[in-house]
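One structure is given below, encoded as structure tokens.
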Amino acid sequence: MYIHSVEGSWLGHSLWKTRFVIDDEDALNRVRACGAADLWIDVALGVDVDTAPPVTSPTPSAAELVPTPKAKPATSMADELKTATRILERSKQTVTSLFAEARMGNAVDTRECGALVDQVVASVGRHSDALLSLCRLKTADEYTYMHSVAVCALMVSLGRQLGLDEAVCHSAGMAGLLHDIGKSVMPQDVLNKPGKLTAEERQQVEQHVEHAASLLKDVEFELPVTQSVLQINELMDGTGYPQGLKAEAITMPARVLAVVNAFCAMVKPRAYRDSLPPEQALSILAQAQAKYDQNVVQALEKVVRSPLGEKILRP
């Protein structure tokens with residue numbers, strides 16, 4: 001079997017690699033003894049599970065039978081995975097269609113996006129693990145739309161962690177889903193360039209938020225989604241773009257979006273670089289105290305170090 005990822009905190013198991021092949025008895029024994037409760041396999045690269053009876057654990061002691069208080073998900077992981085799979089299939093169609101229409105110069109219709117965000121909010125509420133688990137398993141060529149859906153789902157989860165109401169969480173999720181739409185009208189060779197960008201190319205990339213605002217200017221949202229998308233690259237110390245806004249001049253959803261987008265971009269591999277370990281990405285955000293809202297960074301760390309966060313940590 002090809003192990004795609006190991007669940008739980010990276011401090012909670014003894015495996016130093018999370019992607020490898022189980023091809024002998026020693027490797028199998030190491031996995032069984034590593035301390036992780038669950039893991040994902042990639043059946044495209046290895047064998048699927050067979051129908052053999054599961055390995056049973058020793059009978060627990062009386063002390064181990066004492067229940068630990070824990071919030072029970074509204075649905076089982078298995079049931080929610082089925083729903084999440086349908087959501088992701090719909091998201092692929094919705095986001096790719098949205099980008100294609102924008103690329104051809106047509107008006108942006110976000111009605112499908114609103115319905116999709118509703119489903120993301122509901123899925124995260126029922127079982128926060130399922131949707132982001134599947135986001136991690138998508139391939140590199142699906143990066144653009146998967147990144148958008150992952151940012152959307154994490155925005156909703158982080159909004160709840162910060163105590164924002166449901167309407168603001170929904171608005172934050174919509175901003176997360178649409179934040180990259182400006183890139184649809186940019187040269188793809190610049191966006192995917194494997195080497196360092198020239199000054200002119202960097203300027204082109206930085207214009208994507210203004211392109212997004214232009215594409216969304218005629219769309220009516222209940223809350224200022226377009227404003228959040230426009231401010232995604234604004235930094236607390238005023239060194240961001242396109243307006244150089246500072247601190248309180250940046251909306252809270254935009255501050256959340258800036259942190260989430262930066263984190264997701266760092267922990268995912270791109271054409272021009274490898275992914276960063278999640279702890280390093282968090283450290284970079286924490287060290288940039290002047291640039292990112294540290295209340296948001298701290299809330300993100302809580303989400304990331306929970307079972308939910310583990311679903312998007314590794315490519």
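As shown in the structure tokens, the chain order sets the letters A, B, ...; within each chain, residues go from 1, and ligands are also counted from 1 in the order they appear.
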
Counting only C-alpha atoms, what are the residues of segment 157-257 of chain A within 7 Å of segment 290-307 of chain A, and for each of them which pair of atoms is the nearest and at what distance in Å, to one decimal? Sort the table by chain and rising number, as a Markdown table.
| residue | atom | partner | partner_atom | distance |
| --- | --- | --- | --- | --- |
| A:Leu158 | CA | A:Leu300 | CA | 6.4 |
| A:Gln161 | CA | A:Ala299 | CA | 6.4 |
| A:Leu162 | CA | A:Ala299 | CA | 6.6 |
| A:Leu235 | CA | A:Lys291 | CA | 4.9 |
| A:Met236 | CA | A:Lys291 | CA | 4.7 |
| A:Asp237 | CA | A:Lys291 | CA | 5.4 |
| A:Arg255 | CA | A:Asp293 | CA | 6.5 |
| A:Val256 | CA | A:Val296 | CA | 6.1 |

Taking the DSSP assignment computed from this structure's backbone, write out as JSON, numbers by chain all residues of segment 147-195 of chain A that belong to helix (DSSP H, G or I).
{"A": [147, 148, 149, 150, 151, 152, 153, 154, 155, 156, 157, 158, 159, 160, 161, 166, 167, 168, 169, 170, 171, 172, 173, 174, 175, 176, 177, 178, 181, 182, 183, 184, 185, 188, 189, 190, 191]}

Residues of segment 96-284 of chain A in strand (DSSP E or B), written as number ranges by chain
A: 237, 246, 270, 273

Spatial neighbours of Leu257 of chain A, 10 Å, only C-alpha atoms, chain gap at least 6 places, as a ChimeraX atom specification
/A:151-152,154-155,158-159,172-173,175-176,179,228-229,231-233,251,263,296

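Between Ser5 of chain A and the candidates A:Asp26, A:Asp38, A:Asp165, A:Glu200, the tightest atom-to-atom separation, counting only C-alpha atoms, involves A:Asp38.
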
Here is a test: counting only C-alpha atoms, which residue of A:Glu112, A:Glu279, A:Asp24, A:Glu166 is nearest to Leu98 of chain A?
A:Glu112
